[in-house]
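Structure first, commentary second.
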Amino acid sequence: MGRCGCGRADRAAALARRHPPEPDRLRLFEAVTRVLEQAAAERPLLVVLEDVHWSDEGTRHLLRFALHALQSAPVLLLASYRNDELHRRHPLRPYLGELVRLPMVSRVELPRLDQAQVTAMVASRLDRPPSPELVRQVHERSEGIPYFVAELAQAVTGDCLNLPDTLRDALLVRAGRMSEDAQALVRLMSTAGTSISHALLREVGDGSEAGTDDLLREAVDAGVLVPTEDGYAFRHALLREVLHEELLPGEHARAHVRFAEALTAHPELQCAEAATELAHHWYAGHQLDRAFTAALTAAESTASPYERLKMYDRVLELWERVDPERHGGRSRADVLEAAAFAARRTGDSRRGLPLIAAALAETDIEDEPLVAARRMVTKALLEGLSVDDLTKSYTDAISTATRAVELTDGHGDTEERARALDALSTQLMLTGNLAEALQTAREAESVAVAVGLDHLRSSAMNTQGCVLVSRGEEEAGLELLRRSAPLAAGNPWLELRYSINMSDALLSADRAAESAELAVAGIERARQEGIARSTGAMLIGNAMEALLEVGEWTRAAQLRRTGEELLPIGHHALHLTLVSAWMDVWQGRGEAARDALELTGSSTPAGRLPQYTRLWWTARSDRAWCDGDPALAWRELQPLLERHAMLKVQDCWQLLAQAARSASGAPDPAAAARLLRERAAALPTDVAVARWAGPLLEAELTDTVPAWEPAVEALERGPAWLRPYARWRLAQHQLAAGQRHAAAASLDAGVATASALALAPLLDRQRELRRRTGTDGAGGVGPLTPRESEVLRLVAEGRSNAEIGADLFISVKTASVHVSNILAKLKASSRGEAAAKARRQGLLG
């Protein structure tokens with residue numbers, strides 16, 4: 001809370017006059033400060049006072065006295081308190097107001113723990129990495145309060161989160177200070193959730209308004225409740241939880257019924273998700289028929305797919321326990337299908353696949369082929385989201401979508417056929433079957449036009465645009481994507497699909513800044529639609545890729561943290577993990593990258609899905625290159641080189657340029673170079689990325705100053721991290737050609753960019769080159785010049801003049817001159833004696 005030092009007797013005396021303690025207490029204060037002064041005389045002293053919100057008046061007087069009496073001593077007094085313990089009449093409030101006005105006192109507000117900090121704290125308590133879901137629960141229930149996090153973590157069993165008795169008792173102490181009537185009121189209020197409006201409390205309460213106000217004031221003063229704009233909230237969610245658990249079974253049911261009846265009678269008191277709230281209250285009050293009806297209404301009206309899925313689960317739970325007339329003519333298969341569709345929206349294939357399988361099991365394919373086709377489309381989309389076995393998942397998805405199309409044969413142009421064709425074209429596109437995907441998407445568009453469904457036409461056009469861009473027809477593809485956007489208006493899912501696919505297409509077309517802008521806008525839209533953990537996470541990955549390319553690595557890191565805190569699921573988590581791992585590789589966090597890349601799995605890292613396969617293998621190759629192992633870097637790219645036909649044209653160009661970087665590590669470098677050139681000759685050159693990837697590929701394979709100079713120039717329009725890399729490679733050859741000043745300029749420009757992006761592995765290489773060439777500006781050691789110091793280190797390693805010249809980019813003759821100068825300056829008769837003297841004199845650094 002503050003810092004202070006050793007003071008003077010007059011200051012302490014003046015303070016004593018303003019706050020006169022008892023004589024015995026004053027003598028105690030003086031004795032304490034003398035002890036602290038003596039301890040601080042030996043070394044600076046830190047004195048920590050924990051939990052001063054529990055301090056008595058005497059302790060507060062002592063702290064005030066010490067602040068003044070120790071002003072000149074090297075003493076830091078650190079007093080901690082929990083501001084949520086300070087009710088409105090707490091004696092510490094005026095005391096703090098007095099202290100913070102003192103010049104030697106500073107107040108530091110400590111924020112609650114964010115999700116990453118909660119992850120670290122839980123991991124330290126468990127001695128193992130916690131699951132994302134466990135972290136989410138701990139963060140949500142603890143509200144980031146360290147004490148709550150620690151207590152909850154201690155009570156974890158497996159991945160089950162329990163509320164320990166010690167924490168329960170500590171929370172109930174606060175409520176136990178209140179009268180029994182006040183405790184009964186807050187227990188009733190706990191039924192509403194973490195907050196309640198005053199108007200709703202008046203309807204469910206059973207006392208006079210004046211009496212209720214007195215009880216509320218008591219609860220606020222006790223620190224149980226805090227006033228809000230229109231009512232009251234519990235100070236902590238866990239406090240509400242334990243108070244709600246204090247209700248007896250009968251009280252619990254009656255309280256929920258009272259709330260349900262009040263909300264039904266007064267719709268104006270209902271919140272935005274009123275149907276969901278009513279379903280919860282009726283269910284907790286054991287009114288199952290009403291709970292079923294409310295849950296079904298909520299499932300069909302709520303905007304959040306997560307809440308929709310939860311409500312459908314409740315409907316299915318109660319299906320056999322209510323009067324069939326409550327079903328409203330719906331079949332159980334219809335509800336199962338709707339629940340599976342909601343799971344599809346959340347990206348949760350593990351939950352959705354069993355639901356749609358159950359719906360299909362209750363479907364008569366012979367009597368209802370179009371209904372079966374519609375349900376198979378949902379199944380195919382869910383299979384495409386599965387991450388258990390990505391190769392199998394996409395094989396299954398294509399097979400299921402194909403079967404859905406077959407079921408619509410002979411029924412003419414129908415919505416079901418348009419949906420089936422659209423789903424099949426999407427899966428074909430994602431697996432790199434571009435020609436077939438394009439043909440299928442065009443047929444889907446034709447059927448959608450025939451049945452007058454603009455949103456399905458938009459989706460089919462979206463797929464076609466992506467395919468065209470992937471094949472190198474960038475302008476035509478982007479134009480088709482733009483034309484699809486107005487047709488998606490009013491359909492949030494398709495509007496977000498446009499944001500995902502258009503941002504990806506713009507990045508492929510080398511328009512990264514536009515890509516980032518569109519993706520970032522989509523992130524907020526996904527949050528508003530309640531699908532931040534799925535679609536929102538995918539858009540974060542897209543935005544990160546674009547920002548990394550334009551050099552906004554700090555902003556990309558911020559988005560990464562946002563994405564990780566969302567705890568994304570399925571493919572969306574995989575995408576974010578791979579982009580983040582690649583970023584770690586280039587910023588020198590090799591262990592973090594290694595863990596992430598190995599975690600993804602080595603046998604089928606991304607199955608047949610090109611976007612993940614590409615990210616996985618290129619990140620692994622870059623990791624090997626940064627580790628100084630070009631042979632491994634070359635091997636890591638072989639799966640992609642063997643299956644290059646499934647990649648986008650733009651990705652092929654980038655793959656070839658990356659492979660050329662490590663071609664020297666191939667078993668036969670000459671054959672590797674021929675292969676890469678042959679592949680490049682077969683690619684279209686009119687795509688935007690070829691403008692920089694082509695010169696870079698040629699520079700890597702030719703490896704001369706004349707080849708690297710145009711590559712450096714071309715990369716001014718290419719990825720930010722490749723610019724300092726290319727300048728470093730150019731500097732190597734400039735030095736070898738004796739162009740020292742040009743090399744220094746290339747290195748200076750490259751180091752500036754690499755430093756700004758924190759590209760640690762590349763910076764190490766640049767600095768090593770500077771050191772070896774004497775262009776780093778470092779001073780020499782002892783009587784030696786900087787260059788002589790470098791030569792001496794190599795002499796001590798037993799290098800010959802020829803080896804020294806090759807290592808330092810100087811001629812053998814120049815190396816010999818440097819060695820002669822060193823021997824003269826050190827008064828040594830031989831290279832061995834010079835090395836020995838250098839070691840004794842500490843000249844080798």
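Here, A, B, ... name the chains of the structure tokens in the order displayed, residue numbers run from 1 inside each chain, and ligands are numbered from 1 in the same displayed order.
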
(request) Enumerate, as an MDAnalysis selection string, the complete set of residues in stretch 700-823 of chain A that a backbone-based DSSP assignment places in helix (DSSP H, G or I). (result) chainID A and resid 700:702 705:717 722:736 740:757 760:773 786:796 801:808 812:823

(request) Give me the residues within 10 Å of stretch 493-498 of chain A as a list of chain:residue names, counting only C-alpha atoms and dropping any in the same chain fewer than 6 places off. (result)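 The residues satisfying every condition are A:Arg345, A:His455, A:Leu456, A:Ser458, A:Ser459, A:Asn462, A:Thr463, A:Leu481, A:Arg482, A:Ser484, A:Ala485, A:Pro486, A:Leu487, A:Asp504, A:Leu518, A:Ala519, A:Ala521, A:Gly522, A:Ile523, A:Arg525, A:Ala526, A:Glu529, A:Ile531, A:Thr535, A:Gly536, A:Leu539.
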
Restrict the selected residues to C-alpha atoms and save them as a CSV table (one decimal), in the first residue's frame.
chain,number,residue,atom,x,y,z
A,345,ARG,CA,-23.6,-23.7,-34.6
A,455,HIS,CA,-29.2,-17.4,-48.6
A,456,LEU,CA,-28.4,-20.8,-50.1
A,458,SER,CA,-25.1,-16.8,-51.3
A,459,SER,CA,-23.5,-19.9,-49.7
A,462,ASN,CA,-19.2,-18.1,-51.5
A,463,THR,CA,-17.8,-21.5,-52.1
A,481,LEU,CA,-17.4,-13.4,-53.0
A,482,ARG,CA,-18.4,-9.7,-53.0
A,484,SER,CA,-22.5,-13.2,-52.4
A,485,ALA,CA,-22.5,-10.8,-49.5
A,486,PRO,CA,-25.8,-8.9,-50.1
A,487,LEU,CA,-27.6,-12.2,-50.6
A,504,ASP,CA,-8.9,-15.8,-46.0
A,518,LEU,CA,-12.6,-7.7,-42.2
A,519,ALA,CA,-11.6,-10.5,-39.8
A,521,ALA,CA,-14.9,-6.8,-37.6
A,522,GLY,CA,-16.2,-10.3,-37.8
A,523,ILE,CA,-14.7,-11.2,-34.4
A,525,ARG,CA,-20.0,-9.9,-34.8
A,526,ALA,CA,-19.4,-13.5,-33.7
A,529,GLU,CA,-24.1,-13.8,-32.0
A,531,ILE,CA,-20.4,-18.0,-31.1
A,535,THR,CA,-16.6,-18.8,-35.5
A,536,GLY,CA,-15.0,-16.0,-33.4
A,539,LEU,CA,-11.7,-15.2,-37.3

(message) Taking only stretch 198-274 of chain A into account, list the residues labelled strand (DSSP E) by DSSP (computed from the backbone), as a list in words.
(response) Leu225, Val226, Pro227, Gly231, Tyr232, Ala233 and Phe234 of chain A

(request) Do a neighbour search on A:Ala509 at 9 Å with only C-alpha atoms, toss out local chain neighbours closer than 3 positions, and write the hits as a count of residues only. (result) 13

(request) Mind checking which residues fall within 10 Å of A:Phe234, counting only C-alpha atoms, ignoring those fewer than 2 positions away in the same chain, and posting them as an MDAnalysis selection string? (result) chainID A and resid 186 189:190 193:196 219:220 223:228 232 236:241

(request) Find the residue from A:Ala170, A:Leu353, A:Leu188, A:Val585 that sits nearest to A:Ala397; use only C-alpha atoms when measuring. (result)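 Counting only C-alpha atoms, the residue closest to A:Ala397 is A:Leu353.
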
(request) Would you list the contacts of stretch 212-216 of chain A as an NGL selection string, taking every protein, DNA or RNA residue within 9 Å and counting only C-alpha atoms, but skipping same-chain residues closer than 3 positions in sequence? (result) :A and (178-179 or 181-183 or 185-186 or 202 or 205-209 or 219-221 or 225 or 232)

Export of the given selection (N, CA, C and O atoms) as a short mmCIF file (atom, residue, chain, number, x, y, z; two decimals), in the first residue's frame:
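What ended up in out.cif:
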data_model
loop_
_atom_site.label_atom_id
_atom_site.label_comp_id
_atom_site.auth_asym_id
_atom_site.auth_seq_id
_atom_site.Cartn_x
_atom_site.Cartn_y
_atom_site.Cartn_z
N MET A 178 -25.41 -11.27 9.86
CA MET A 178 -26.69 -10.58 9.71
C MET A 178 -27.78 -11.24 10.57
O MET A 178 -27.62 -12.38 11.04
N SER A 179 -28.88 -10.55 10.74
CA SER A 179 -30.02 -11.11 11.45
C SER A 179 -30.62 -12.25 10.65
O SER A 179 -30.39 -12.38 9.44
N ASP A 181 -33.69 -12.66 9.71
CA ASP A 181 -34.58 -12.16 8.66
C ASP A 181 -33.79 -11.70 7.44
O ASP A 181 -34.20 -11.95 6.29
N ALA A 182 -32.67 -11.05 7.67
CA ALA A 182 -31.83 -10.61 6.55
C ALA A 182 -31.25 -11.81 5.81
O ALA A 182 -31.17 -11.83 4.57
N GLN A 183 -30.84 -12.84 6.56
CA GLN A 183 -30.32 -14.04 5.92
C GLN A 183 -31.40 -14.72 5.08
O GLN A 183 -31.13 -15.21 3.97
N LEU A 185 -33.86 -13.29 3.61
CA LEU A 185 -34.09 -12.48 2.41
C LEU A 185 -33.02 -12.73 1.35
O LEU A 185 -33.34 -12.91 0.17
N VAL A 186 -31.76 -12.76 1.75
CA VAL A 186 -30.71 -12.95 0.74
C VAL A 186 -30.74 -14.38 0.19
O VAL A 186 -30.37 -14.60 -0.97
N ARG A 202 -39.63 -6.87 -4.93
CA ARG A 202 -40.87 -6.44 -4.29
C ARG A 202 -42.01 -7.42 -4.57
O ARG A 202 -42.86 -7.68 -3.71
N GLY A 205 -41.14 -10.82 -2.60
CA GLY A 205 -40.98 -10.67 -1.16
C GLY A 205 -42.32 -10.78 -0.45
O GLY A 205 -43.39 -10.65 -1.04
N ASP A 206 -42.27 -11.02 0.87
CA ASP A 206 -43.52 -11.17 1.62
C ASP A 206 -43.57 -10.25 2.83
O ASP A 206 -44.35 -10.47 3.74
N GLY A 207 -42.75 -9.20 2.82
CA GLY A 207 -42.76 -8.26 3.93
C GLY A 207 -43.08 -6.86 3.45
O GLY A 207 -43.27 -6.61 2.25
N SER A 208 -43.16 -5.91 4.38
CA SER A 208 -43.41 -4.52 4.01
C SER A 208 -42.19 -3.97 3.29
O SER A 208 -41.06 -4.42 3.50
N GLU A 209 -42.43 -2.97 2.44
CA GLU A 209 -41.31 -2.41 1.68
C GLU A 209 -40.31 -1.74 2.62
O GLU A 209 -39.10 -1.84 2.41
N ALA A 219 -27.83 -6.10 4.69
CA ALA A 219 -27.05 -6.97 3.82
C ALA A 219 -25.96 -6.22 3.09
O ALA A 219 -24.85 -6.73 2.89
N VAL A 220 -26.25 -4.97 2.70
CA VAL A 220 -25.24 -4.15 2.03
C VAL A 220 -24.13 -3.79 3.01
O VAL A 220 -22.94 -3.88 2.70
N ASP A 221 -24.51 -3.40 4.22
CA ASP A 221 -23.50 -3.05 5.23
C ASP A 221 -22.63 -4.24 5.60
O ASP A 221 -21.44 -4.09 5.93
N LEU A 225 -24.37 -7.88 -0.21
CA LEU A 225 -24.94 -7.32 -1.44
C LEU A 225 -24.26 -6.01 -1.78
O LEU A 225 -23.71 -5.32 -0.91
N TYR A 232 -29.98 -5.00 -6.81
CA TYR A 232 -28.87 -5.46 -5.97
C TYR A 232 -28.19 -6.65 -6.63
O TYR A 232 -28.81 -7.42 -7.37
#

(request) Considering only C-alpha atoms, return as JSON, numbers by chain whatever protein or nucleic-acid residues lie within 12 Å of A:Leu134, sequence-local ones (same chain, fewer than 2 positions apart) excluded. (result) {"A": [115, 118, 119, 122, 123, 126, 129, 130, 131, 132, 136, 137, 138, 139, 140, 141, 142, 149, 152, 153, 155, 156, 157, 158, 159, 160, 161, 162, 567]}

Only N, CA and C atoms, please: the residues just picked out, written as a PDB file, in the first residue's frame.
ATOM      1  N   GLN A 115      -7.762 -15.058 -17.338  1.00  0.00           N
ATOM      2  CA  GLN A 115      -7.853 -16.498 -17.553  1.00  0.00           C
ATOM      3  C   GLN A 115      -6.473 -17.150 -17.630  1.00  0.00           C
ATOM      4  N   VAL A 118      -5.196 -17.482 -14.140  1.00  0.00           N
ATOM      5  CA  VAL A 118      -5.908 -18.563 -13.460  1.00  0.00           C
ATOM      6  C   VAL A 118      -5.356 -19.918 -13.907  1.00  0.00           C
ATOM      7  N   THR A 119      -5.073 -20.045 -15.212  1.00  0.00           N
ATOM      8  CA  THR A 119      -4.502 -21.291 -15.729  1.00  0.00           C
ATOM      9  C   THR A 119      -3.185 -21.610 -15.024  1.00  0.00           C
ATOM     10  N   VAL A 122      -3.834 -22.549 -11.260  1.00  0.00           N
ATOM     11  CA  VAL A 122      -4.423 -23.883 -11.109  1.00  0.00           C
ATOM     12  C   VAL A 122      -3.383 -24.950 -11.435  1.00  0.00           C
ATOM     13  N   ALA A 123      -2.601 -24.727 -12.483  1.00  0.00           N
ATOM     14  CA  ALA A 123      -1.564 -25.699 -12.855  1.00  0.00           C
ATOM     15  C   ALA A 123      -0.554 -25.884 -11.727  1.00  0.00           C
ATOM     16  N   LEU A 126      -2.180 -28.075  -9.109  1.00  0.00           N
ATOM     17  CA  LEU A 126      -2.460 -29.448  -9.520  1.00  0.00           C
ATOM     18  C   LEU A 126      -1.216 -30.216  -9.934  1.00  0.00           C
ATOM     19  N   PRO A 129      -1.055 -29.636 -16.271  1.00  0.00           N
ATOM     20  CA  PRO A 129      -1.833 -28.642 -17.020  1.00  0.00           C
ATOM     21  C   PRO A 129      -3.328 -28.915 -16.863  1.00  0.00           C
ATOM     22  N   PRO A 130      -4.112 -27.940 -16.459  1.00  0.00           N
ATOM     23  CA  PRO A 130      -5.563 -28.157 -16.329  1.00  0.00           C
ATOM     24  C   PRO A 130      -6.226 -28.137 -17.700  1.00  0.00           C
ATOM     25  N   SER A 131      -7.360 -28.797 -17.817  1.00  0.00           N
ATOM     26  CA  SER A 131      -8.104 -28.777 -19.077  1.00  0.00           C
ATOM     27  C   SER A 131      -8.697 -27.387 -19.282  1.00  0.00           C
ATOM     28  N   PRO A 132      -8.912 -26.986 -20.531  1.00  0.00           N
ATOM     29  CA  PRO A 132      -9.528 -25.673 -20.792  1.00  0.00           C
ATOM     30  C   PRO A 132     -10.878 -25.512 -20.101  1.00  0.00           C
ATOM     31  N   ARG A 136     -11.972 -22.686 -17.397  1.00  0.00           N
ATOM     32  CA  ARG A 136     -13.141 -21.827 -17.612  1.00  0.00           C
ATOM     33  C   ARG A 136     -14.038 -21.827 -16.374  1.00  0.00           C
ATOM     34  N   GLN A 137     -14.261 -22.995 -15.807  1.00  0.00           N
ATOM     35  CA  GLN A 137     -15.131 -23.087 -14.632  1.00  0.00           C
ATOM     36  C   GLN A 137     -14.511 -22.361 -13.434  1.00  0.00           C
ATOM     37  N   VAL A 138     -13.212 -22.580 -13.209  1.00  0.00           N
ATOM     38  CA  VAL A 138     -12.556 -21.929 -12.070  1.00  0.00           C
ATOM     39  C   VAL A 138     -12.582 -20.416 -12.245  1.00  0.00           C
ATOM     40  N   HIS A 139     -12.278 -19.947 -13.447  1.00  0.00           N
ATOM     41  CA  HIS A 139     -12.262 -18.502 -13.693  1.00  0.00           C
ATOM     42  C   HIS A 139     -13.655 -17.908 -13.518  1.00  0.00           C
ATOM     43  N   GLU A 140     -14.650 -18.600 -14.032  1.00  0.00           N
ATOM     44  CA  GLU A 140     -16.019 -18.102 -13.950  1.00  0.00           C
ATOM     45  C   GLU A 140     -16.522 -18.080 -12.511  1.00  0.00           C
ATOM     46  N   ARG A 141     -16.296 -19.151 -11.772  1.00  0.00           N
ATOM     47  CA  ARG A 141     -16.833 -19.243 -10.419  1.00  0.00           C
ATOM     48  C   ARG A 141     -16.027 -18.416  -9.426  1.00  0.00           C
ATOM     49  N   SER A 142     -14.730 -18.307  -9.639  1.00  0.00           N
ATOM     50  CA  SER A 142     -13.895 -17.533  -8.704  1.00  0.00           C
ATOM     51  C   SER A 142     -13.927 -16.048  -9.006  1.00  0.00           C
ATOM     52  N   VAL A 149      -9.583 -18.835  -6.303  1.00  0.00           N
ATOM     53  CA  VAL A 149      -8.916 -19.708  -7.284  1.00  0.00           C
ATOM     54  C   VAL A 149      -8.122 -20.792  -6.550  1.00  0.00           C
ATOM     55  N   LEU A 152     -10.517 -23.338  -4.810  1.00  0.00           N
ATOM     56  CA  LEU A 152     -11.186 -24.212  -5.765  1.00  0.00           C
ATOM     57  C   LEU A 152     -10.200 -25.208  -6.372  1.00  0.00           C
ATOM     58  N   ALA A 153      -8.990 -24.742  -6.683  1.00  0.00           N
ATOM     59  CA  ALA A 153      -7.989 -25.628  -7.279  1.00  0.00           C
ATOM     60  C   ALA A 153      -7.617 -26.752  -6.329  1.00  0.00           C
ATOM     61  N   ALA A 155      -9.501 -28.237  -4.370  1.00  0.00           N
ATOM     62  CA  ALA A 155     -10.599 -29.190  -4.216  1.00  0.00           C
ATOM     63  C   ALA A 155     -10.947 -29.898  -5.521  1.00  0.00           C
ATOM     64  N   VAL A 156     -10.099 -29.752  -6.549  1.00  0.00           N
ATOM     65  CA  VAL A 156     -10.374 -30.399  -7.833  1.00  0.00           C
ATOM     66  C   VAL A 156     -10.148 -31.909  -7.711  1.00  0.00           C
ATOM     67  N   THR A 157     -11.105 -32.671  -8.220  1.00  0.00           N
ATOM     68  CA  THR A 157     -10.974 -34.123  -8.299  1.00  0.00           C
ATOM     69  C   THR A 157     -11.075 -34.510  -9.767  1.00  0.00           C
ATOM     70  N   GLY A 158      -9.963 -34.990 -10.324  1.00  0.00           N
ATOM     71  CA  GLY A 158      -9.956 -35.226 -11.768  1.00  0.00           C
ATOM     72  C   GLY A 158     -10.123 -33.900 -12.473  1.00  0.00           C
ATOM     73  N   ASP A 159     -11.210 -33.769 -13.220  1.00  0.00           N
ATOM     74  CA  ASP A 159     -11.559 -32.484 -13.815  1.00  0.00           C
ATOM     75  C   ASP A 159     -12.871 -31.968 -13.246  1.00  0.00           C
ATOM     76  N   CYS A 160     -13.260 -32.508 -12.085  1.00  0.00           N
ATOM     77  CA  CYS A 160     -14.492 -32.073 -11.425  1.00  0.00           C
ATOM     78  C   CYS A 160     -14.172 -30.971 -10.426  1.00  0.00           C
ATOM     79  N   LEU A 161     -14.938 -29.926 -10.467  1.00  0.00           N
ATOM     80  CA  LEU A 161     -14.695 -28.775  -9.605  1.00  0.00           C
ATOM     81  C   LEU A 161     -15.664 -28.812  -8.432  1.00  0.00           C
ATOM     82  N   ASN A 162     -15.130 -28.955  -7.251  1.00  0.00           N
ATOM     83  CA  ASN A 162     -15.942 -29.000  -6.039  1.00  0.00           C
ATOM     84  C   ASN A 162     -15.763 -27.706  -5.250  1.00  0.00           C
ATOM     85  N   LEU A 567     -11.213 -20.182 -24.894  1.00  0.00           N
ATOM     86  CA  LEU A 567     -11.195 -21.640 -24.826  1.00  0.00           C
ATOM     87  C   LEU A 567     -11.936 -22.225 -26.028  1.00  0.00           C
TER      88      LEU A 567
END

(request) Would you kindly return, as a list in words, each protein, DNA or RNA residue with an atom no farther than 7 Å from any atom of stretch 313-330 of chain A, considering only C-alpha atoms and excluding same-chain residues fewer than 6 positions away? (result) Leu288, Asp289, Phe292, Thr293, Ala295 and Leu296 of chain A

(message) Between atom CA of A:Gln766 and atom CA of A:Ala720, what is the distance in Å, rounded to a tenth?
(response) 16.1 Å

(request) Name the closest residue to A:Glu700 among the candidates A:Arg187, A:Arg614, A:Arg765, A:His733; distances are taken between atoms, counting only C-alpha atoms. (result)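 For A:Glu700, the nearest of the given residues is A:His733.
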
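Considering only C-alpha atoms, the residue among A:Arg403, A:Lys379, A:His411, A:Arg64 positioned nearest to A:Met104 is A:Arg64.
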